[in-house]
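Dumped input.csv below, it's CSV, C-alpha atoms:
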```csv
chain,number,residue,atom,x,y,z
A,340,MET,CA,21.1,133.7,125.3
A,341,ASN,CA,22.5,130.1,124.7
A,342,SER,CA,20.5,128.9,127.7
A,343,ALA,CA,17.3,130.4,126.3
A,344,LEU,CA,17.8,128.7,122.9
A,345,GLN,CA,18.5,125.4,124.5
A,346,ALA,CA,15.4,125.7,126.7
A,347,ALA,CA,13.4,126.1,123.5
A,348,VAL,CA,14.4,122.7,122.3
A,349,PRO,CA,11.6,120.1,123.0
A,350,ALA,CA,12.6,117.7,125.7
A,351,GLU,CA,11.8,114.6,123.7
A,352,HIS,CA,14.0,115.7,120.9
A,353,ALA,CA,16.9,116.5,123.2
A,354,ALA,CA,16.5,113.0,124.8
A,355,HIS,CA,17.2,111.3,121.4
A,356,THR,CA,19.9,113.5,120.1
A,357,PRO,CA,23.5,113.9,121.4
A,358,ALA,CA,23.9,117.2,123.2
A,359,HIS,CA,27.2,117.9,121.4
A,360,LEU,CA,25.3,118.1,118.0
A,361,HIS,CA,23.1,120.9,119.3
A,362,ALA,CA,25.6,123.1,121.2
A,363,PRO,CA,27.7,124.3,118.3
A,364,GLU,CA,24.6,125.1,116.2
A,365,ALA,CA,22.8,126.9,119.0
A,366,GLY,CA,26.0,128.9,119.9
A,367,ALA,CA,26.6,129.8,116.2
A,368,THR,CA,23.0,130.9,115.8
A,369,ALA,CA,23.1,133.0,119.0
A,370,THR,CA,26.4,134.6,117.9
A,371,LEU,CA,25.0,135.4,114.4
A,372,ILE,CA,21.9,137.0,115.9
A,373,HIS,CA,24.0,139.0,118.3
A,374,ASP,CA,26.3,140.1,115.4
A,375,LEU,CA,23.5,141.2,113.2
A,376,ARG,CA,22.0,143.2,116.1
A,377,GLU,CA,25.3,144.9,116.5
A,378,LEU,CA,26.0,145.4,112.8
A,379,PHE,CA,22.7,147.0,112.2
A,380,LYS,CA,22.7,148.9,115.5
A,381,VAL,CA,19.3,147.6,116.5
A,382,LYS,CA,19.1,149.8,119.7
A,383,VAL,CA,19.7,153.0,117.7
A,384,VAL,CA,17.2,151.8,115.0
A,385,GLY,CA,14.6,151.2,117.8
A,386,LEU,CA,15.0,154.8,119.0
A,387,VAL,CA,14.6,156.1,115.4
A,388,LEU,CA,11.5,154.0,115.0
A,389,VAL,CA,9.9,155.4,118.2
A,390,THR,CA,10.4,158.9,117.0
A,391,GLY,CA,9.4,158.1,113.4
A,392,TRP,CA,6.2,156.6,114.7
A,393,GLY,CA,5.5,159.8,116.6
A,394,GLY,CA,6.1,161.9,113.5
A,395,PHE,CA,3.9,159.7,111.4
A,396,TYR,CA,1.1,159.5,113.9
A,397,LEU,CA,1.0,163.2,114.6
A,398,GLY,CA,1.2,163.9,110.8
A,399,SER,CA,-1.6,161.5,110.1
A,400,MET,CA,-3.8,163.3,112.7
A,401,GLN,CA,-3.1,166.6,111.0
A,402,SER,CA,-4.5,164.9,107.8
A,403,GLY,CA,-7.6,163.8,109.6
A,404,ILE,CA,-6.5,160.1,109.8
A,405,THR,CA,-7.2,159.2,113.4
A,406,SER,CA,-8.8,155.8,113.4
A,407,VAL,CA,-6.5,153.9,111.0
A,408,GLN,CA,-2.9,154.8,110.7
A,409,ARG,CA,-2.5,153.9,107.0
A,410,GLY,CA,1.0,153.0,105.9
A,411,LEU,CA,2.5,153.1,109.4
A,412,LEU,CA,4.1,149.7,109.3
A,413,ASP,CA,5.4,150.2,105.8
A,414,THR,CA,6.9,153.6,106.7
A,415,LEU,CA,8.6,152.2,109.8
A,416,LEU,CA,10.0,149.3,107.9
A,417,GLY,CA,11.5,151.6,105.3
A,418,ILE,CA,12.9,154.0,107.9
A,419,GLY,CA,14.2,151.1,109.9
A,420,LEU,CA,16.0,149.5,107.0
A,421,VAL,CA,17.6,152.8,105.9
A,422,SER,CA,18.8,153.4,109.5
A,423,ALA,CA,20.1,149.9,109.8
A,424,GLY,CA,21.9,150.1,106.5
A,425,ALA,CA,23.6,153.4,107.5
A,426,GLY,CA,24.6,151.8,110.9
A,427,ALA,CA,26.3,148.9,109.1
A,428,LEU,CA,28.2,151.2,106.7
A,429,ASN,CA,29.2,153.3,109.7
A,430,GLU,CA,30.7,150.2,111.3
A,431,ALA,CA,32.4,149.3,108.1
A,432,LEU,CA,34.2,152.6,108.0
A,433,GLU,CA,35.0,152.5,111.7
A,434,ARG,CA,36.0,148.9,112.1
A,435,LYS,CA,39.7,149.7,112.9
A,436,ILE,CA,38.7,152.5,115.3
A,437,ASP,CA,36.1,150.2,117.0
A,438,ALA,CA,38.8,147.6,117.5
A,439,ARG,CA,40.8,150.0,119.6
A,440,MET,CA,37.9,150.8,122.0
A,441,LYS,CA,36.8,148.5,124.8
A,442,ARG,CA,33.1,149.1,124.4
A,443,THR,CA,33.2,148.4,120.6
A,444,ALA,CA,36.0,145.9,120.2
A,445,ASP,CA,33.5,143.0,120.1
A,446,ARG,CA,31.5,144.4,117.2
A,447,PRO,CA,31.4,141.8,114.4
A,448,MET,CA,33.6,143.7,111.9
A,449,ALA,CA,36.0,145.0,114.5
A,450,ALA,CA,36.4,141.5,115.9
A,451,GLY,CA,36.8,140.0,112.4
A,452,ARG,CA,33.7,137.8,112.5
A,453,PHE,CA,32.3,139.8,109.5
A,454,SER,CA,34.5,140.8,106.6
A,455,LEU,CA,34.6,144.3,105.1
A,456,ALA,CA,32.8,143.1,102.0
A,457,GLN,CA,30.1,141.4,104.0
A,458,GLY,CA,29.5,144.5,106.1
A,459,VAL,CA,29.3,146.8,103.2
A,460,LEU,CA,27.1,144.4,101.2
A,461,ALA,CA,24.7,144.1,104.2
A,462,GLY,CA,24.6,147.8,104.7
A,463,MET,CA,24.0,148.7,101.0
A,464,ALA,CA,21.3,146.0,100.7
A,465,ALA,CA,19.4,147.3,103.8
A,466,LEU,CA,19.8,150.8,102.6
A,467,ALA,CA,18.5,150.0,99.1
A,468,LEU,CA,15.6,147.9,100.4
A,469,GLY,CA,14.6,150.7,102.8
A,470,ALA,CA,14.6,153.3,100.0
A,471,VAL,CA,12.5,151.1,97.7
A,472,CYS,CA,10.1,150.4,100.5
A,473,LEU,CA,9.7,154.1,101.2
A,474,ALA,CA,9.4,154.9,97.5
A,475,VAL,CA,6.6,152.4,97.0
A,476,THR,CA,4.6,153.2,100.2
A,477,THR,CA,5.3,156.9,100.9
A,478,ASN,CA,6.6,159.7,98.6
A,479,LEU,CA,9.8,160.9,97.0
A,480,LEU,CA,10.4,163.6,99.5
A,481,THR,CA,10.6,161.0,102.3
A,482,VAL,CA,13.0,158.8,100.2
A,483,ALA,CA,15.2,161.8,99.4
A,484,LEU,CA,15.3,162.9,103.1
A,485,ALA,CA,16.1,159.3,104.2
A,486,LEU,CA,18.9,158.9,101.8
A,487,LEU,CA,20.3,162.4,102.6
A,488,THR,CA,20.2,161.4,106.3
A,489,ALA,CA,22.1,158.2,105.6
A,490,PHE,CA,24.7,160.0,103.5
A,491,THR,CA,25.3,162.7,106.1
A,492,TYR,CA,25.7,160.1,108.8
A,493,VAL,CA,28.0,157.8,106.9
A,494,ALA,CA,29.9,160.1,104.5
A,495,ILE,CA,30.2,163.3,106.6
A,496,TYR,CA,29.7,162.7,110.3
A,497,THR,CA,31.6,159.4,110.5
A,498,PRO,CA,35.0,160.6,109.0
A,499,LEU,CA,34.6,164.0,110.7
A,500,LYS,CA,34.8,162.5,114.2
A,501,ARG,CA,38.5,162.0,113.7
A,502,VAL,CA,39.0,165.6,112.7
A,503,THR,CA,37.0,167.9,115.0
A,504,ALA,CA,34.7,168.0,118.0
A,505,LEU,CA,32.1,169.8,115.8
A,506,ALA,CA,31.3,166.4,114.4
A,507,THR,CA,28.8,166.0,117.3
A,508,PHE,CA,26.9,169.1,116.0
A,509,ILE,CA,26.9,167.8,112.4
A,510,GLY,CA,25.9,164.3,113.6
A,511,ALA,CA,22.9,165.8,115.4
A,512,PHE,CA,21.2,166.6,112.1
A,513,PRO,CA,20.9,163.0,110.8
A,514,GLY,CA,20.2,161.9,114.4
A,515,ALA,CA,17.1,164.1,114.5
A,516,MET,CA,15.5,163.1,111.3
A,517,GLY,CA,13.4,160.2,112.6
A,518,PRO,CA,10.2,162.2,113.4
A,519,MET,CA,10.6,164.4,110.2
A,520,LEU,CA,10.7,161.3,108.1
A,521,GLY,CA,7.5,160.0,109.8
A,522,TRP,CA,5.9,163.4,109.3
A,523,THR,CA,6.7,163.7,105.6
A,524,ALA,CA,5.6,160.1,105.0
A,525,ALA,CA,2.2,161.0,106.4
A,526,ARG,CA,1.9,164.5,105.0
A,527,GLY,CA,4.1,164.6,101.9
A,528,ARG,CA,5.7,167.9,102.7
A,529,ILE,CA,7.9,169.7,105.3
A,530,GLU,CA,5.9,171.8,107.7
A,531,TRP,CA,6.5,173.7,110.9
A,532,PRO,CA,5.1,171.0,113.2
A,533,GLY,CA,7.5,168.5,111.6
A,534,VAL,CA,10.3,170.9,112.1
A,535,ALA,CA,9.3,171.2,115.8
A,536,LEU,CA,9.6,167.5,116.2
A,537,PHE,CA,13.0,167.5,114.4
A,538,ALA,CA,14.1,170.3,116.8
A,539,ILE,CA,13.2,168.3,119.9
A,540,LEU,CA,15.4,165.4,118.7
A,541,PHE,CA,18.2,167.8,117.7
A,542,VAL,CA,18.4,169.5,121.1
A,543,TRP,CA,17.9,166.3,123.1
A,544,GLN,CA,21.0,164.8,121.7
A,545,PHE,CA,23.5,167.1,123.3
A,546,PRO,CA,23.2,166.3,127.0
A,547,HIS,CA,22.8,162.7,126.0
A,548,PHE,CA,26.0,162.7,123.9
A,549,MET,CA,28.0,164.7,126.4
A,550,ALA,CA,27.2,162.0,129.0
A,551,ILE,CA,28.4,159.3,126.6
A,552,ALA,CA,31.4,161.2,125.6
A,553,TRP,CA,32.5,161.8,129.2
A,554,LEU,CA,31.8,158.2,130.3
A,555,TYR,CA,33.9,156.8,127.5
A,556,ARG,CA,36.4,159.6,127.0
A,557,GLU,CA,39.4,157.3,127.5
A,558,ASP,CA,38.1,155.0,124.8
A,559,TYR,CA,37.6,157.9,122.4
A,560,ALA,CA,41.0,159.3,123.1
A,561,ARG,CA,42.6,155.8,122.5
A,562,ALA,CA,40.8,155.6,119.1
A,563,GLY,CA,41.6,159.2,118.1
A,564,ILE,CA,38.0,160.4,118.0
A,565,CYS,CA,37.7,164.1,118.7
A,566,MET,CA,34.9,164.2,121.2
A,567,LEU,CA,34.7,167.3,123.4
A,568,PRO,CA,36.0,165.7,126.6
A,569,VAL,CA,39.0,164.4,124.6
A,570,VAL,CA,40.0,167.8,123.1
A,571,GLN,CA,39.1,169.8,126.2
A,572,PRO,CA,39.6,167.3,129.1
A,573,ASP,CA,38.9,169.8,132.0
A,574,GLY,CA,35.2,169.2,131.5
A,575,TRP,CA,34.1,172.8,131.5
A,576,SER,CA,33.0,172.8,127.8
A,577,THR,CA,31.3,169.5,128.1
A,578,VAL,CA,29.2,170.7,131.1
A,579,ALA,CA,28.5,174.1,129.5
A,580,GLN,CA,27.2,172.5,126.3
A,581,ALA,CA,25.1,169.9,128.1
A,582,LEU,CA,23.6,172.6,130.4
A,583,PHE,CA,22.9,175.0,127.5
A,584,PHE,CA,20.9,172.4,125.5
A,585,ALA,CA,19.1,171.1,128.6
A,586,VAL,CA,17.8,174.6,129.2
A,587,VAL,CA,16.8,175.1,125.6
A,588,MET,CA,15.1,171.7,125.7
A,589,ILE,CA,12.3,173.0,127.8
A,590,PRO,CA,10.9,175.7,125.4
A,591,VAL,CA,11.7,173.5,122.3
A,592,SER,CA,9.7,170.6,123.8
A,593,LEU,CA,6.7,173.1,124.2
A,594,ALA,CA,6.7,173.9,120.5
A,595,PRO,CA,4.1,171.3,119.5
A,596,TRP,CA,1.7,172.9,122.0
A,597,GLN,CA,2.5,176.4,120.8
A,598,LEU,CA,1.8,175.3,117.2
A,599,GLY,CA,-1.6,173.9,118.2
A,600,MET,CA,-0.6,170.2,117.7
A,601,ASP,CA,-1.2,169.3,121.3
A,602,SER,CA,-3.1,170.1,124.5
A,603,PRO,CA,-2.2,172.1,127.6
A,604,ALA,CA,-1.8,168.7,129.4
A,605,TYR,CA,1.1,167.9,127.1
A,606,ALA,CA,2.7,171.3,127.9
A,607,LEU,CA,2.6,170.5,131.6
A,608,LEU,CA,4.0,167.0,131.1
A,609,ALA,CA,6.7,168.3,128.7
A,610,ALA,CA,7.7,171.0,131.1
A,611,ALA,CA,7.9,168.5,134.0
A,612,LEU,CA,10.0,166.1,132.0
A,613,GLY,CA,12.3,168.9,130.8
A,614,LEU,CA,12.9,170.1,134.4
A,615,VAL,CA,13.9,166.5,135.4
A,616,TYR,CA,16.2,166.3,132.4
A,617,LEU,CA,17.7,169.7,133.4
A,618,GLY,CA,18.0,168.6,137.0
A,619,TYR,CA,20.1,165.6,136.1
A,620,THR,CA,22.2,167.7,133.7
A,621,ILE,CA,22.9,170.1,136.6
A,622,ARG,CA,24.0,167.1,138.7
A,623,PHE,CA,26.2,166.1,135.8
A,624,ALA,CA,28.1,169.4,136.4
A,625,GLY,CA,29.5,167.6,139.4
A,626,ILE,CA,32.1,166.0,137.1
A,627,LEU,CA,34.0,169.3,137.5
A,628,ARG,CA,34.7,168.4,141.2
A,629,ASP,CA,35.7,164.8,140.4
A,630,ARG,CA,37.0,164.4,136.9
A,631,THR,CA,38.6,161.0,137.3
A,632,GLY,CA,36.8,159.1,140.1
A,633,GLU,CA,33.8,156.8,140.2
A,634,GLU,CA,31.5,159.7,141.2
A,635,SER,CA,32.3,161.3,137.9
A,636,ARG,CA,31.3,158.1,136.0
A,637,LYS,CA,28.1,157.7,138.1
A,638,LEU,CA,27.0,161.3,137.3
A,639,ALA,CA,27.5,160.6,133.6
A,640,ARG,CA,25.7,157.2,133.8
A,641,ASP,CA,22.7,158.8,135.6
A,642,LEU,CA,22.3,161.5,132.9
A,643,LEU,CA,22.6,158.9,130.2
A,644,LYS,CA,19.9,156.8,131.7
A,645,VAL,CA,17.6,159.7,132.2
A,646,SER,CA,18.2,160.9,128.6
A,647,VAL,CA,17.2,157.5,127.3
A,648,LEU,CA,14.0,157.5,129.3
A,649,TYR,CA,13.1,161.1,128.6
A,650,LEU,CA,12.7,160.8,124.9
A,651,PRO,CA,10.2,157.9,124.7
A,652,LEU,CA,8.2,159.4,127.6
A,653,LEU,CA,8.0,162.8,125.8
A,654,PHE,CA,6.9,161.2,122.6
A,655,THR,CA,4.3,159.0,124.4
A,656,ALA,CA,2.9,162.2,126.0
A,657,LEU,CA,2.9,163.9,122.6
A,658,MET,CA,0.8,161.1,121.1
A,659,LEU,CA,-1.6,160.5,124.0
A,660,CYS,CA,-2.3,164.1,124.6
A,661,ALA,CA,-2.9,164.7,120.9
A,662,ILE,CA,-5.5,161.9,120.9
A,663,ALA,CA,-7.2,163.4,124.0
A,664,LYS,CA,-7.2,166.9,122.2
A,665,ALA,CA,-8.7,165.4,119.1
```
Representation of the structure as structure tokens:
Amino acid sequence: MNSALQAAVPAEHAAHTPAHLHAPEAGATATLIHDLRELFKVKVVGLVLVTGWGGFYLGSMQSGITSVQRGLLDTLLGIGLVSAGAGALNEALERKIDARMKRTADRPMAAGRFSLAQGVLAGMAALALGAVCLAVTTNLLTVALALLTAFTYVAIYTPLKRVTALATFIGAFPGAMGPMLGWTAARGRIEWPGVALFAILFVWQFPHFMAIAWLYREDYARAGICMLPVVQPDGWSTVAQALFFAVVMIPVSLAPWQLGMDSPAYALLAAALGLVYLGYTIRFAGILRDRTGEESRKLARDLLKVSVLYLPLLFTALMLCAIAKA
């Protein structure tokens, strides 16, 4: 990242200014950008925005708004800020735990580059700005659901991870709210098609999280987080849960078609994607033969990669096929 920043400096300016004056500034800027991305969990926010976009788009089509997606950017801004604020508050609560895990030890609060006060202030500010944005541009139902989602994630799911493996189930509720928020922003009420989108996200998370939990089980154990592979290290419960939800994912992903939101083409694509997801989850069961070797890690990584690809592909199919149907 430093190289990219230095490459952006005009050559004539660099020629007349000592290099040592630029290096610290460029490095500090790059570090700050990286830290803000980590603090606000930009990758997670991106996934929330993709699903929120899908919910808003499909909800708008149900309202007859197909040519101009009114309020889309405002809605996504509000959802994104609330999600970012919740992510920062989560990191504030987990800063000591993060410091004990290899994959999170370099997060800005865990590493001490941001103080607790700075993290909490940034999180509360983003949360408040997001709520105000949604209140001004959408409706009170969406604001209430967004704040409830943030509260559940920060105040219930986050501390519960140190108590019970059921925290994964509880955390799946706020994790699935992106499309529902988009739907209510467009429609102003909770309806079965919006619930179907919520269900897709809810079910999708379990194979995804089981892959993450298995891949980083030693980290979680070191930090005292009660993920399923930590409390039941033989892997049977992890595989069983992943397989169950991967099977359920297929009929749940067909719900938008069954509710008349989408075309038969979507049903075919959703079924095909669901079978691929299930196939990789079945491969993941191979961890039972090799619980500690590199093969076990490879199977978990493969399922994780496929899960990350599956969701945007499914939502893209949802929107494109809905356009064709309209």
*Please, what distance in Å, to one decimal, runs between CA of Ala504 in chain A and CA of Arg434 in chain A?*
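So the answer is 20.0 Å.
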_Option closest in space to His547 in chain A, from A:Thr390, A:Thr507, A:Gln597, A:Gln457 [counting all atoms listed in the file]_ =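 Among the listed residues, the smallest separation from His547 in chain A belongs to A:Thr507.
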*For Gly613 in chain A, which residue among A:Val578, A:Pro595, A:Ala585, A:Arg630 is the nearest when counting all atoms listed in the file?*
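So, comparing all the options, the nearest one is A:Ala585.
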_Report, in Å with one decimal, the straight-line distance from CA of Lys382 in chain A to CA of Ser422 in chain A._
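CA of Ser422 in chain A lies at a distance of 10.8 Å from CA of Lys382 in chain A.
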*asked:* What does the structure give for the distance between CA of Ile418 in chain A and CA of Leu460 in chain A, in Å to one decimal?
replied: 18.4 Å
Please identify all polymer residues within 12 Å of range 426-433 of chain A, counting all atoms listed in the file, omitting same-chain residues fewer than 6 positions from it, and present them as a tab-separated table (two decimals) with C-alpha atoms, in the frame of the given file.
```
chain	number	residue	atom	x	y	z
A	374	ASP	CA	26.30	140.10	115.40
A	375	LEU	CA	23.50	141.20	113.20
A	376	ARG	CA	22.00	143.20	116.10
A	377	GLU	CA	25.30	144.90	116.50
A	378	LEU	CA	26.00	145.40	112.80
A	379	PHE	CA	22.70	147.00	112.20
A	380	LYS	CA	22.70	148.90	115.50
A	381	VAL	CA	19.30	147.60	116.50
A	382	LYS	CA	19.10	149.80	119.70
A	383	VAL	CA	19.70	153.00	117.70
A	384	VAL	CA	17.20	151.80	115.00
A	387	VAL	CA	14.60	156.10	115.40
A	419	GLY	CA	14.20	151.10	109.90
A	420	LEU	CA	16.00	149.50	107.00
A	439	ARG	CA	40.80	150.00	119.60
A	440	MET	CA	37.90	150.80	122.00
A	443	THR	CA	33.20	148.40	120.60
A	444	ALA	CA	36.00	145.90	120.20
A	445	ASP	CA	33.50	143.00	120.10
A	446	ARG	CA	31.50	144.40	117.20
A	447	PRO	CA	31.40	141.80	114.40
A	448	MET	CA	33.60	143.70	111.90
A	449	ALA	CA	36.00	145.00	114.50
A	450	ALA	CA	36.40	141.50	115.90
A	451	GLY	CA	36.80	140.00	112.40
A	453	PHE	CA	32.30	139.80	109.50
A	454	SER	CA	34.50	140.80	106.60
A	455	LEU	CA	34.60	144.30	105.10
A	456	ALA	CA	32.80	143.10	102.00
A	457	GLN	CA	30.10	141.40	104.00
A	458	GLY	CA	29.50	144.50	106.10
A	459	VAL	CA	29.30	146.80	103.20
A	460	LEU	CA	27.10	144.40	101.20
A	461	ALA	CA	24.70	144.10	104.20
A	462	GLY	CA	24.60	147.80	104.70
A	463	MET	CA	24.00	148.70	101.00
A	464	ALA	CA	21.30	146.00	100.70
A	465	ALA	CA	19.40	147.30	103.80
A	466	LEU	CA	19.80	150.80	102.60
A	488	THR	CA	20.20	161.40	106.30
A	489	ALA	CA	22.10	158.20	105.60
A	490	PHE	CA	24.70	160.00	103.50
A	491	THR	CA	25.30	162.70	106.10
A	492	TYR	CA	25.70	160.10	108.80
A	493	VAL	CA	28.00	157.80	106.90
A	494	ALA	CA	29.90	160.10	104.50
A	495	ILE	CA	30.20	163.30	106.60
A	496	TYR	CA	29.70	162.70	110.30
A	497	THR	CA	31.60	159.40	110.50
A	498	PRO	CA	35.00	160.60	109.00
A	499	LEU	CA	34.60	164.00	110.70
A	500	LYS	CA	34.80	162.50	114.20
A	501	ARG	CA	38.50	162.00	113.70
A	513	PRO	CA	20.90	163.00	110.80
A	514	GLY	CA	20.20	161.90	114.40
A	562	ALA	CA	40.80	155.60	119.10
A	563	GLY	CA	41.60	159.20	118.10
A	564	ILE	CA	38.00	160.40	118.00
```
_Counting all atoms listed in the file, the residue of A:Ile551, A:Ala474, A:Ala604, A:Ala425 that sits nearest Ala661 in chain A_ =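 Using all atoms listed in the file, the shortest distance to Ala661 in chain A belongs to A:Ala604.
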_Between A:Leu657, A:Ile539, A:Met549, A:Ala624, which residue has the minimum interatomic distance to Gly599 in chain A, considering only C-alpha atoms?_
A:Leu657
*Closest to Trp543 in chain A among A:Ala525, A:Ala656, A:Leu638, A:Leu643, using all atoms listed in the file?*
A:Leu643
*asked:* Calculated over all atoms listed in the file, which of the candidates A:Gly517, A:Ala367, A:Ala606, A:Val482 has the smallest distance to Arg452 in chain A?
replied: A:Ala367
*Shell of 6 Å around Val569 in chain A, only C-alpha atoms, local chain residues under 3 positions omitted, as a ChimeraX atom specification*: /A:556,560,566,572
_If we count all atoms listed in the file and set the cut-off at 12 Å, which residues sit around range 600-602 of chain A, ignoring sequence neighbours fewer than 2 positions away in its own chain? Please answer as an NGL selection string._
:A and (394 or 396-402 or 531-533 or 535-536 or 592-598 or 604-609 or 654 or 656-665)
Using the partial input, fill out range 495-517 of chain A with N, CA and C atoms; write the result as a short mmCIF file (atom, residue, chain, number, x, y, z; two decimals), keeping the file's coordinate frame.
```cif
data_model
loop_
_atom_site.label_atom_id
_atom_site.label_comp_id
_atom_site.auth_asym_id
_atom_site.auth_seq_id
_atom_site.Cartn_x
_atom_site.Cartn_y
_atom_site.Cartn_z
N ILE A 495 29.74 162.06 106.03
CA ILE A 495 30.20 163.30 106.60
C ILE A 495 30.52 163.19 108.08
N TYR A 496 29.53 162.78 108.86
CA TYR A 496 29.70 162.70 110.30
C TYR A 496 30.79 161.66 110.70
N THR A 497 30.73 160.48 110.10
CA THR A 497 31.60 159.40 110.50
C THR A 497 33.12 159.77 110.32
N PRO A 498 33.55 160.23 109.16
CA PRO A 498 35.00 160.60 109.00
C PRO A 498 35.33 161.87 109.81
N LEU A 499 34.34 162.76 110.01
CA LEU A 499 34.60 164.00 110.70
C LEU A 499 34.93 163.85 112.16
N LYS A 500 34.49 162.73 112.74
CA LYS A 500 34.80 162.50 114.20
C LYS A 500 36.24 162.43 114.48
N ARG A 501 37.04 162.09 113.49
CA ARG A 501 38.50 162.00 113.70
C ARG A 501 39.19 163.33 113.45
N VAL A 502 38.42 164.35 113.09
CA VAL A 502 39.00 165.60 112.70
C VAL A 502 38.67 166.76 113.70
N THR A 503 37.40 166.82 114.14
CA THR A 503 37.00 167.90 115.00
C THR A 503 35.82 167.53 115.89
N ALA A 504 35.74 168.20 117.04
CA ALA A 504 34.70 168.00 118.00
C ALA A 504 33.33 168.51 117.45
N LEU A 505 33.37 169.34 116.41
CA LEU A 505 32.10 169.80 115.80
C LEU A 505 31.36 168.72 115.10
N ALA A 506 31.98 167.56 114.96
CA ALA A 506 31.30 166.40 114.40
C ALA A 506 30.01 166.08 115.15
N THR A 507 30.03 166.28 116.46
CA THR A 507 28.80 166.00 117.30
C THR A 507 27.67 166.88 116.80
N PHE A 508 27.95 168.15 116.52
CA PHE A 508 26.90 169.10 116.00
C PHE A 508 26.40 168.62 114.66
N ILE A 509 27.32 168.26 113.77
CA ILE A 509 26.90 167.80 112.40
C ILE A 509 26.12 166.51 112.55
N GLY A 510 26.56 165.60 113.41
CA GLY A 510 25.90 164.30 113.60
C GLY A 510 24.48 164.45 114.14
N ALA A 511 24.22 165.57 114.83
CA ALA A 511 22.90 165.80 115.40
C ALA A 511 21.82 165.95 114.35
N PHE A 512 22.20 166.39 113.16
CA PHE A 512 21.20 166.60 112.10
C PHE A 512 20.64 165.25 111.61
N PRO A 513 21.45 164.29 111.17
CA PRO A 513 20.90 163.00 110.80
C PRO A 513 20.25 162.29 112.01
N GLY A 514 20.80 162.54 113.20
CA GLY A 514 20.20 161.90 114.40
C GLY A 514 18.85 162.39 114.75
N ALA A 515 18.46 163.55 114.22
CA ALA A 515 17.10 164.10 114.50
C ALA A 515 16.09 163.90 113.47
N MET A 516 16.44 163.15 112.43
CA MET A 516 15.50 163.10 111.30
C MET A 516 14.40 162.07 111.41
N GLY A 517 14.41 161.22 112.44
CA GLY A 517 13.40 160.20 112.60
C GLY A 517 11.95 160.76 112.52
#
```
